[in-house]
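Everything below belongs to input-v6.pdb, which stores PDB, C-alpha atoms.
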```pdb
MODEL        1
ATOM      1  CA  ASN K   1       0.491 -71.228  42.558
ATOM      2  CA  ALA K   2      -2.716 -70.493  44.440
ATOM      3  CA  LEU K   3      -4.214 -67.042  44.857
ATOM      4  CA  ARG K   4      -4.050 -66.066  48.531
ATOM      5  CA  LEU K   5      -7.269 -64.350  49.641
ATOM      6  CA  ASN K   6      -8.932 -63.368  52.904
ATOM      7  CA  THR K   7     -11.858 -65.834  53.198
ATOM      8  CA  GLY K   8     -13.204 -68.972  51.585
ATOM      9  CA  ARG K   9     -16.512 -67.348  50.684
ATOM     10  CA  ASN K  10     -14.593 -64.560  48.966
ATOM     11  CA  ALA K  11     -12.585 -67.111  47.007
ATOM     12  CA  PHE K  12     -15.955 -68.473  45.856
ATOM     13  CA  GLU K  13     -17.087 -64.950  44.971
ATOM     14  CA  TYR K  14     -13.850 -64.369  43.064
ATOM     15  CA  VAL K  15     -14.632 -67.266  40.707
ATOM     16  CA  LEU K  16     -18.251 -66.198  40.268
ATOM     17  CA  ARG K  17     -17.107 -62.715  39.289
ATOM     18  CA  ALA K  18     -14.217 -63.833  37.100
ATOM     19  CA  LYS K  19     -16.267 -66.371  35.152
ATOM     20  CA  LYS K  20     -19.399 -64.159  35.092
ATOM     21  CA  TYR K  21     -21.721 -66.988  36.044
ATOM     22  CA  LYS K  22     -25.443 -66.215  36.279
ATOM     23  CA  LYS K  23     -26.686 -69.296  38.120
ATOM     24  CA  VAL K  24     -25.235 -71.634  40.767
ATOM     25  CA  TYR K  25     -26.164 -75.246  41.542
ATOM     26  CA  LEU K  26     -25.568 -75.868  45.247
ATOM     27  CA  PRO K  27     -25.955 -78.974  47.422
ATOM     28  CA  TYR K  28     -28.594 -78.877  50.119
ATOM     29  CA  TYR K  29     -25.831 -80.031  52.440
ATOM     30  CA  THR K  30     -23.589 -76.976  52.607
ATOM     31  CA  CYS K  31     -22.803 -73.963  54.771
ATOM     32  CA  ASP K  32     -25.153 -70.987  54.514
ATOM     33  CA  ALA K  33     -22.085 -68.720  54.128
ATOM     34  CA  MET K  34     -22.085 -69.845  50.482
ATOM     35  CA  PHE K  35     -25.105 -67.636  49.962
ATOM     36  CA  GLU K  36     -23.247 -64.467  50.851
ATOM     37  CA  PRO K  37     -21.626 -64.028  47.401
ATOM     38  CA  ILE K  38     -24.680 -65.427  45.618
ATOM     39  CA  ASN K  39     -26.874 -62.788  47.212
ATOM     40  CA  LYS K  40     -24.260 -60.056  46.778
ATOM     41  CA  LEU K  41     -24.113 -60.738  43.038
ATOM     42  CA  SER K  42     -27.902 -61.330  42.713
ATOM     43  CA  LEU K  43     -27.393 -64.736  41.099
ATOM     44  CA  ASP K  44     -29.983 -67.424  40.542
ATOM     45  CA  TYR K  45     -29.450 -70.700  42.366
ATOM     46  CA  GLU K  46     -30.864 -74.208  42.574
ATOM     47  CA  PHE K  47     -30.315 -76.936  45.163
ATOM     48  CA  TYR K  48     -29.439 -80.548  44.414
ATOM     49  CA  SER K  49     -29.380 -83.644  46.623
ATOM     50  CA  ILE K  50     -26.627 -86.132  47.365
ATOM     51  CA  ASP K  51     -26.946 -89.863  48.019
ATOM     52  CA  SER K  52     -25.575 -91.781  51.000
ATOM     53  CA  ASN K  53     -22.163 -91.961  49.306
ATOM     54  CA  PHE K  54     -22.068 -88.144  48.978
ATOM     55  CA  VAL K  55     -22.555 -88.453  45.210
ATOM     56  CA  PRO K  56     -24.721 -85.753  43.571
ATOM     57  CA  ILE K  57     -28.131 -86.843  42.323
ATOM     58  CA  PHE K  58     -27.964 -84.630  39.273
ATOM     59  CA  ASN K  59     -27.907 -84.560  35.472
ATOM     60  CA  TYR K  60     -24.792 -82.535  34.618
ATOM     61  CA  SER K  61     -26.043 -81.826  31.101
ATOM     62  CA  ASN K  62     -28.445 -79.348  32.723
ATOM     63  CA  VAL K  63     -25.541 -76.972  33.477
ATOM     64  CA  GLN K  64     -25.534 -74.242  30.834
ATOM     65  CA  GLU K  65     -22.575 -72.134  29.637
ATOM     66  CA  ASN K  66     -23.213 -69.290  32.087
ATOM     67  CA  GLU K  67     -23.998 -71.615  35.016
ATOM     68  CA  VAL K  68     -21.782 -73.439  37.506
ATOM     69  CA  PHE K  69     -22.068 -76.559  39.648
ATOM     70  CA  VAL K  70     -20.534 -76.533  43.145
ATOM     71  CA  TYR K  71     -19.377 -79.741  44.807
ATOM     72  CA  ASN K  72     -18.103 -80.032  48.378
ATOM     73  CA  ASN K  73     -15.264 -82.408  49.152
ATOM     74  CA  TYR K  74     -17.053 -83.364  52.347
ATOM     75  CA  LEU K  75     -14.942 -83.639  55.487
ATOM     76  CA  GLY K  76     -11.857 -84.343  53.404
ATOM     77  CA  ILE K  77     -13.027 -87.902  52.657
ATOM     78  CA  CYS K  78     -14.594 -87.448  49.219
ATOM     79  CA  ASP K  79     -11.618 -87.261  46.856
ATOM     80  CA  LEU K  80     -12.976 -90.102  44.719
ATOM     81  CA  GLN K  81     -16.397 -88.470  44.381
ATOM     82  CA  THR K  82     -14.720 -85.148  43.575
ATOM     83  CA  ARG K  83     -12.790 -86.689  40.703
ATOM     84  CA  GLU K  84     -15.931 -88.391  39.392
ATOM     85  CA  VAL K  85     -17.844 -85.104  39.358
ATOM     86  CA  ALA K  86     -14.920 -83.314  37.679
ATOM     87  CA  ALA K  87     -14.878 -85.931  34.910
ATOM     88  CA  GLN K  88     -18.559 -85.323  34.116
ATOM     89  CA  CYS K  89     -19.248 -81.625  34.781
ATOM     90  CA  LYS K  90     -17.880 -78.849  32.536
ATOM     91  CA  ASN K  91     -18.489 -75.758  34.701
ATOM     92  CA  LEU K  92     -17.427 -76.770  38.191
ATOM     93  CA  ILE K  93     -16.209 -75.250  41.460
ATOM     94  CA  ILE K  94     -14.775 -77.601  44.072
ATOM     95  CA  ASP K  95     -15.254 -76.456  47.661
ATOM     96  CA  ASN K  96     -12.269 -77.907  49.537
ATOM     97  CA  SER K  97     -12.977 -75.932  52.709
ATOM     98  CA  GLN K  98     -13.183 -79.238  54.577
ATOM     99  CA  ALA K  99     -10.389 -80.890  52.580
ATOM    100  CA  PHE K 100      -7.209 -78.883  53.042
ATOM    101  CA  TYR K 101      -4.951 -81.816  52.199
ATOM    102  CA  SER K 102      -6.718 -82.747  48.947
ATOM    103  CA  GLU K 103      -4.861 -81.657  45.837
ATOM    104  CA  PRO K 104      -6.680 -79.490  43.278
ATOM    105  CA  ILE K 105      -7.675 -81.043  39.961
ATOM    106  CA  LYS K 106      -5.992 -79.412  37.001
ATOM    107  CA  GLY K 107      -8.295 -76.962  35.231
ATOM    108  CA  VAL K 108     -10.974 -77.023  37.938
ATOM    109  CA  ASP K 109     -11.640 -73.930  40.066
ATOM    110  CA  THR K 110     -10.958 -74.984  43.659
ATOM    111  CA  PHE K 111     -10.847 -73.087  46.945
ATOM    112  CA  TYR K 112      -9.638 -73.854  50.463
ATOM    113  CA  SER K 113     -10.310 -72.430  53.924
ATOM    114  CA  PRO K 114      -7.258 -73.360  56.034
ATOM    115  CA  ARG K 115      -8.682 -71.916  59.253
ATOM    116  CA  LYS K 116     -10.898 -75.024  59.391
ATOM    117  CA  PHE K 117      -7.708 -77.013  60.026
ATOM    118  CA  PHE K 118      -5.287 -74.680  61.781
ATOM    119  CA  GLY K 119      -5.279 -71.884  64.336
ATOM    120  CA  LEU K 120      -5.803 -68.960  61.987
ATOM    121  CA  PRO K 121      -7.983 -65.836  62.069
ATOM    122  CA  ASP K 122      -8.894 -66.006  58.358
ATOM    123  CA  GLY K 123      -7.364 -66.769  54.972
ATOM    124  CA  ALA K 124      -8.117 -68.788  51.834
ATOM    125  CA  TYR K 125      -6.404 -70.348  48.844
ATOM    126  CA  LEU K 126      -7.888 -70.369  45.353
ATOM    127  CA  TYR K 127      -6.868 -72.221  42.202
ATOM    128  CA  THR K 128      -8.368 -70.708  39.054
ATOM    129  CA  ASP K 129      -7.342 -69.968  35.490
ATOM    130  CA  THR K 130      -9.302 -66.699  35.263
ATOM    131  CA  LEU K 131      -8.420 -63.473  37.045
ATOM    132  CA  ILE K 132     -10.656 -60.537  37.850
ATOM    133  CA  GLY K 133      -9.525 -57.293  36.260
ATOM    134  CA  TYR K 134      -8.656 -55.134  39.238
ATOM    135  CA  ASN K 135      -6.114 -54.995  42.050
ATOM    136  CA  LEU K 136      -6.957 -56.182  45.539
ATOM    137  CA  GLU K 137      -6.036 -54.543  48.821
ATOM    138  CA  LYS K 138      -4.293 -56.596  51.492
ATOM    139  CA  ASP K 139      -6.326 -57.667  54.506
ATOM    140  CA  ILE K 140      -5.375 -56.942  58.139
ATOM    141  CA  SER K 141      -5.950 -59.739  60.666
ATOM    142  CA  TYR K 142      -4.459 -58.942  64.054
ATOM    143  CA  LYS K 143      -7.782 -57.824  65.561
ATOM    144  CA  ARG K 144      -9.241 -61.275  64.852
ATOM    145  CA  CYS K 145      -6.703 -63.125  66.974
ATOM    146  CA  GLU K 146      -8.057 -62.607  70.520
ATOM    147  CA  ASN K 147      -9.751 -65.991  70.752
ATOM    148  CA  LEU K 148      -6.724 -67.791  69.273
ATOM    149  CA  LEU K 149      -4.363 -66.208  71.795
ATOM    150  CA  GLY K 150      -6.752 -66.253  74.736
ATOM    151  CA  ARG K 151      -7.470 -69.978  74.536
ATOM    152  CA  ILE K 152      -3.756 -70.677  75.050
ATOM    153  CA  ASP K 153      -3.817 -68.900  78.429
ATOM    154  CA  THR K 154      -7.322 -69.576  79.730
ATOM    155  CA  GLY K 155      -8.815 -72.350  77.573
ATOM    156  CA  ALA K 156     -11.119 -72.501  74.593
ATOM    157  CA  GLU K 157     -14.403 -72.342  76.521
ATOM    158  CA  ALA K 158     -13.595 -68.926  78.000
ATOM    159  CA  HIS K 159     -13.166 -67.518  74.507
ATOM    160  CA  PHE K 160     -15.986 -69.231  72.650
ATOM    161  CA  GLN K 161     -17.996 -66.011  72.456
ATOM    162  CA  THR K 162     -14.983 -64.192  71.018
ATOM    163  CA  TYR K 163     -14.580 -67.016  68.513
ATOM    164  CA  LYS K 164     -18.183 -66.514  67.377
ATOM    165  CA  GLU K 165     -17.644 -62.753  67.116
ATOM    166  CA  ASN K 166     -14.558 -63.312  65.004
ATOM    167  CA  SER K 167     -16.455 -65.639  62.691
ATOM    168  CA  LYS K 168     -19.223 -63.059  62.387
ATOM    169  CA  SER K 169     -16.680 -60.361  61.533
ATOM    170  CA  LEU K 170     -15.745 -62.308  58.400
ATOM    171  CA  CYS K 171     -19.221 -61.794  56.936
ATOM    172  CA  ASN K 172     -19.608 -59.359  54.044
ATOM    173  CA  GLN K 173     -15.922 -58.563  53.800
ATOM    174  CA  PRO K 174     -14.659 -57.294  50.432
ATOM    175  CA  ILE K 175     -12.366 -59.601  48.495
ATOM    176  CA  ARG K 176      -8.840 -58.887  49.697
ATOM    177  CA  LYS K 177      -5.435 -60.492  49.554
ATOM    178  CA  ILE K 178      -4.460 -62.596  52.544
ATOM    179  CA  SER K 179      -2.968 -60.592  55.409
ATOM    180  CA  ASN K 180       0.724 -60.605  56.223
ATOM    181  CA  LEU K 181      -0.070 -62.076  59.634
ATOM    182  CA  THR K 182      -2.119 -64.997  58.336
ATOM    183  CA  GLN K 183       0.451 -65.756  55.645
ATOM    184  CA  LYS K 184       3.180 -65.752  58.310
ATOM    185  CA  LEU K 185       1.179 -68.166  60.439
ATOM    186  CA  LEU K 186       0.592 -70.446  57.469
ATOM    187  CA  SER K 187       4.316 -70.529  56.738
ATOM    188  CA  SER K 188       5.068 -71.760  60.272
ATOM    189  CA  ILE K 189       2.817 -74.855  60.236
ATOM    190  CA  GLU K 190       4.273 -78.388  60.301
ATOM    191  CA  TYR K 191       1.863 -79.723  57.692
ATOM    192  CA  ASN K 192       3.184 -83.290  57.418
ATOM    193  CA  ASN K 193       3.168 -83.903  61.176
ATOM    194  CA  ILE K 194      -0.360 -82.535  61.482
ATOM    195  CA  ALA K 195      -1.560 -84.759  58.652
ATOM    196  CA  LEU K 196      -0.054 -87.794  60.366
ATOM    197  CA  ILE K 197      -1.760 -87.010  63.691
ATOM    198  CA  ARG K 198      -5.125 -86.523  61.991
ATOM    199  CA  LYS K 199      -4.820 -89.819  60.121
ATOM    200  CA  GLN K 200      -3.801 -91.703  63.257
ATOM    201  CA  ASN K 201      -6.703 -90.343  65.306
ATOM    202  CA  PHE K 202      -9.149 -90.865  62.464
ATOM    203  CA  ASN K 203      -8.110 -94.465  61.793
ATOM    204  CA  TYR K 204      -8.128 -95.304  65.505
ATOM    205  CA  LEU K 205     -11.722 -94.084  65.842
ATOM    206  CA  HIS K 206     -12.791 -95.784  62.643
ATOM    207  CA  ASN K 207     -11.379 -99.117  63.822
ATOM    208  CA  GLU K 208     -13.531 -98.838  66.957
ATOM    209  CA  LEU K 209     -16.674 -97.325  65.471
ATOM    210  CA  TYR K 210     -17.085 -98.523  61.891
ATOM    211  CA  GLN K 211     -19.439-101.395  62.765
ATOM    212  CA  LYS K 212     -21.893 -98.965  64.372
ATOM    213  CA  ASN K 213     -21.383 -96.123  61.909
ATOM    214  CA  LYS K 214     -24.276 -95.801  59.474
ATOM    215  CA  LEU K 215     -21.975 -94.080  56.988
ATOM    216  CA  ARG K 216     -20.568 -96.912  54.894
ATOM    217  CA  LEU K 217     -17.887 -94.944  53.067
ATOM    218  CA  GLU K 218     -14.363 -96.324  52.903
ATOM    219  CA  PHE K 219     -12.558 -93.973  55.241
ATOM    220  CA  THR K 220      -9.191 -95.555  55.922
ATOM    221  CA  ASN K 221      -7.281 -94.173  52.916
ATOM    222  CA  SER K 222      -8.588 -90.690  53.517
ATOM    223  CA  ALA K 223      -6.117 -87.805  53.265
ATOM    224  CA  ALA K 224      -5.891 -86.099  56.669
ATOM    225  CA  PRO K 225      -9.666 -85.660  57.250
ATOM    226  CA  MET K 226     -11.179 -82.695  59.042
ATOM    227  CA  ILE K 227     -13.165 -84.782  61.570
ATOM    228  CA  TYR K 228     -14.410 -88.340  62.029
ATOM    229  CA  PRO K 229     -18.062 -88.463  60.898
ATOM    230  CA  PHE K 230     -20.026 -90.831  63.128
ATOM    231  CA  LEU K 231     -23.650 -91.212  62.043
ATOM    232  CA  ILE K 232     -26.081 -92.958  64.378
ATOM    233  CA  ASP K 233     -29.798 -92.708  65.071
ATOM    234  CA  ASN K 234     -29.451 -90.886  68.396
ATOM    235  CA  GLY K 235     -26.613 -88.646  67.290
ATOM    236  CA  ALA K 236     -28.365 -85.431  68.295
ATOM    237  CA  ALA K 237     -28.564 -86.546  71.936
ATOM    238  CA  LEU K 238     -24.989 -87.800  72.010
ATOM    239  CA  LYS K 239     -23.723 -84.512  70.571
ATOM    240  CA  LYS K 240     -25.212 -82.694  73.551
ATOM    241  CA  GLU K 241     -23.582 -85.151  75.934
ATOM    242  CA  LEU K 242     -20.163 -84.663  74.377
ATOM    243  CA  ILE K 243     -20.499 -80.874  74.541
ATOM    244  CA  ALA K 244     -21.582 -81.120  78.182
ATOM    245  CA  ASN K 245     -18.312 -82.971  78.806
ATOM    246  CA  LYS K 246     -16.341 -80.157  77.142
ATOM    247  CA  ILE K 247     -15.736 -81.986  73.892
ATOM    248  CA  TYR K 248     -16.752 -79.535  71.190
ATOM    249  CA  VAL K 249     -18.385 -81.200  68.208
ATOM    250  CA  ALA K 250     -19.380 -78.875  65.408
ATOM    251  CA  SER K 251     -22.710 -79.188  63.590
ATOM    252  CA  TYR K 252     -22.565 -79.322  59.774
ATOM    253  CA  TRP K 253     -24.853 -77.516  59.201
ATOM    254  CA  PRO K 254     -27.937 -76.343  61.195
ATOM    255  CA  ASN K 255     -29.279 -74.408  58.196
ATOM    256  CA  VAL K 256     -29.730 -77.718  56.343
ATOM    257  CA  LEU K 257     -32.579 -78.581  58.726
ATOM    258  CA  ASP K 258     -34.492 -75.658  57.216
ATOM    259  CA  TRP K 259     -33.571 -76.433  53.603
ATOM    260  CA  ALA K 260     -33.851 -80.200  53.256
ATOM    261  CA  LYS K 261     -36.781 -82.584  53.649
ATOM    262  CA  ALA K 262     -37.037 -84.345  57.001
ATOM    263  CA  ASP K 263     -36.658 -87.790  55.407
ATOM    264  CA  SER K 264     -33.586 -86.855  53.361
ATOM    265  CA  PHE K 265     -30.005 -88.025  53.814
ATOM    266  CA  GLU K 266     -28.885 -84.413  54.222
ATOM    267  CA  TYR K 267     -31.354 -83.787  57.049
ATOM    268  CA  ASN K 268     -30.187 -86.910  58.859
ATOM    269  CA  LEU K 269     -26.549 -85.820  58.526
ATOM    270  CA  ALA K 270     -27.254 -82.342  59.874
ATOM    271  CA  LYS K 271     -29.234 -83.740  62.795
ATOM    272  CA  ASN K 272     -27.435 -86.922  63.806
ATOM    273  CA  MET K 273     -23.876 -86.953  62.484
ATOM    274  CA  ILE K 274     -21.345 -86.497  65.284
ATOM    275  CA  ALA K 275     -18.272 -84.635  64.028
ATOM    276  CA  VAL K 276     -15.711 -86.199  66.358
ATOM    277  CA  PRO K 277     -12.548 -84.032  66.496
ATOM    278  CA  VAL K 278      -9.358 -85.740  65.299
ATOM    279  CA  ASP K 279      -7.102 -82.732  64.909
ATOM    280  CA  GLN K 280      -3.545 -82.107  66.023
ATOM    281  CA  ARG K 281      -4.520 -80.991  69.526
ATOM    282  CA  TYR K 282      -5.498 -84.564  70.429
ATOM    283  CA  GLU K 283      -3.754 -87.877  71.095
ATOM    284  CA  ILE K 284      -4.971 -91.473  71.205
ATOM    285  CA  LYS K 285      -5.739 -91.118  74.918
ATOM    286  CA  ASP K 286      -8.167 -88.315  74.009
ATOM    287  CA  MET K 287      -9.805 -90.577  71.424
ATOM    288  CA  ASN K 288     -10.326 -93.165  74.178
ATOM    289  CA  GLU K 289     -12.077 -90.564  76.342
ATOM    290  CA  VAL K 290     -14.417 -89.791  73.447
ATOM    291  CA  LEU K 291     -15.128 -93.489  72.943
ATOM    292  CA  LYS K 292     -16.076 -93.812  76.624
ATOM    293  CA  LEU K 293     -18.610 -91.005  76.276
ATOM    294  CA  LEU K 294     -20.006 -92.578  73.131
ATOM    295  CA  LYS K 295     -20.510 -95.732  75.247
ATOM    296  CA  ILE K 296     -18.684 -97.830  72.677
TER     297      ILE K 296
ENDMDL
END
```
Transcribe the structure of this file into structure tokens.
Amino acid sequence: NALRLNTGRNAFEYVLRAKKYKKVYLPYYTCDAMFEPINKLSLDYEFYSIDSNFVPIFNYSNVQENEVFVYNNYLGICDLQTREVAAQCKNLIIDNSQAFYSEPIKGVDTFYSPRKFFGLPDGAYLYTDTLIGYNLEKDISYKRCENLLGRIDTGAEAHFQTYKENSKSLCNQPIRKISNLTQKLLSSIEYNNIALIRKQNFNYLHNELYQKNKLRLEFTNSAAPMIYPFLIDNGAALKKELIANKIYVASYWPNVLDWAKADSFEYNLAKNMIAVPVDQRYEIKDMNEVLKLLKI
């Protein structure tokens, strides 16, 4: 029953337009792509902080009728926090870009970005009870597939620049329906098997790393997480070492270093959290190679 759109940021924009919000409350710890629709619609915004359990430090009574609070289901491991926020906040958008396998909460606007989990050029899902009043054109995606196809033949590293160009091409796109190609790709995915692999890799790493992980969240019941978040004091240096050994670990998110205070939890996450990959491309033997590099 979701709306199928072309990008996650456009799913966010769709809600902002449909609900006619005038101000957005955003976490410091979020992707700067969230500002694209905010700037496009000339909306006011205000940042809020989160604590070490990823819980907002915020008084929800401050949210007015024409304002909205955005909460990220971080890394697919914050379902409990998401439900707690939904129980307290009246105007709410849940960003499930990092939580594809987390179910939407009834009556809460929620969007997903499946390309964070699967080999896709674009695409988004949106759950909302309010529609905008005009028809949308269908997107076309085949020109965004070079890096996805090329990495199969010649490896991911050879096509990293193309990957970045593809990501850049998604900026400032009009809201469109999902393309036929992306929808076809989504219909061919073995979702249950992928979820199982992610959980197995995640739990294996957590069993080995939890004593040294400064994040004290309960991870083990997590629903097919995006990555394993390993927070340590020298994380920035270890990230470079992993990348040098051809293990790509994403940074979530460099822009936070400009937004947040240097002594904040968000700043520490952006600087030192190692986003260890656990996705369906990897097996337990790959997790052991990562553990060797982490010197665990």
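Among the candidates K:Leu148, K:Gln161, K:Ile94, K:Ile175, the residue lying nearest to K:Tyr134 is K:Ile175 (atoms considered: all atoms listed in the file).
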Explicit residue set for the PyMOL selection byres ((chain K and resi 229) around 6), as a count of residues only: 4
Residue neighbourhood K:Lys177, 7 Å, only C-alpha atoms, exclusion window fewer than 6 positions, as a PyMOL selection string: chain K and resi 4-6+136-139
Given all atoms listed in the file as the counted atoms, nearest of K:Ala236, K:Met34, K:Met287, K:Ala244 to K:Asp95: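 Of K:Ala236, K:Met34, K:Met287, K:Ala244, the one nearest K:Asp95, counting all atoms listed in the file, is K:Met34.
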Closest of K:Ile132, K:Val70, K:Ile284, K:Leu3 to K:Lys20 - atom-to-atom distances counting only C-alpha atoms: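 Of all the options, K:Ile132 lies closest to K:Lys20.
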Point-to-point distance in Å for atom CA of K:Asn203 and atom CA of K:Leu293: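 We find that atom CA of K:Leu293 and atom CA of K:Asn203 lie 18.2 Å from each other.
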Å distance separating atom CA of K:Lys295 from atom CA of K:Ala270, one decimal place: 21.5 Å
Near-stretch 77-82 of chain K list (9 Å; all atoms listed in the file; drop same-chain fewer than 5 positions) as a PyMOL selection string: chain K and resi 53-56+71-72+87+94+98-99+102-103+105+217-219+221-226
Within 12 Å of file point (-4.9, -88.2, 63.7), counting all atoms listed in the file, expressed as a ChimeraX atom specification: /K:192-206,220,222-228,276-287
Between atom CA of K:Leu26 and atom CA of K:Leu131 - distance in Å to one decimal: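 Computed distance, atom CA of K:Leu131 to atom CA of K:Leu26, equals 22.7 Å.
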Test item: residues at most 7 Å from stretch 41-44 of chain K, only C-alpha atoms, excluding those fewer than 3 positions along its chain, as a VMD selection string: chain K and resid 22 to 24 37 to 38
Could the centre and edge lengths of an axis-aligned box, enclosing all atoms of stretch 278-284 of chain K in the file with 4 Å extra on each side, be given in Å to one decimal as AutoDock Vina command-line options?
```
--center_x -6.5 --center_y -86.2 --center_z 68.1 --size_x 13.8 --size_y 18.5 --size_z 14.3
```
Selection result of the PyMOL selection byres ((chain K and resi 259) around 12) on this file, as a ChimeraX atom specification: /K:26-32,46-49,253-258,260-264,266-267,270
9 Å contact set for K:Glu65, only C-alpha atoms, chain neighbours under 6 positions out, as a ChimeraX atom specification: /K:21,90-91
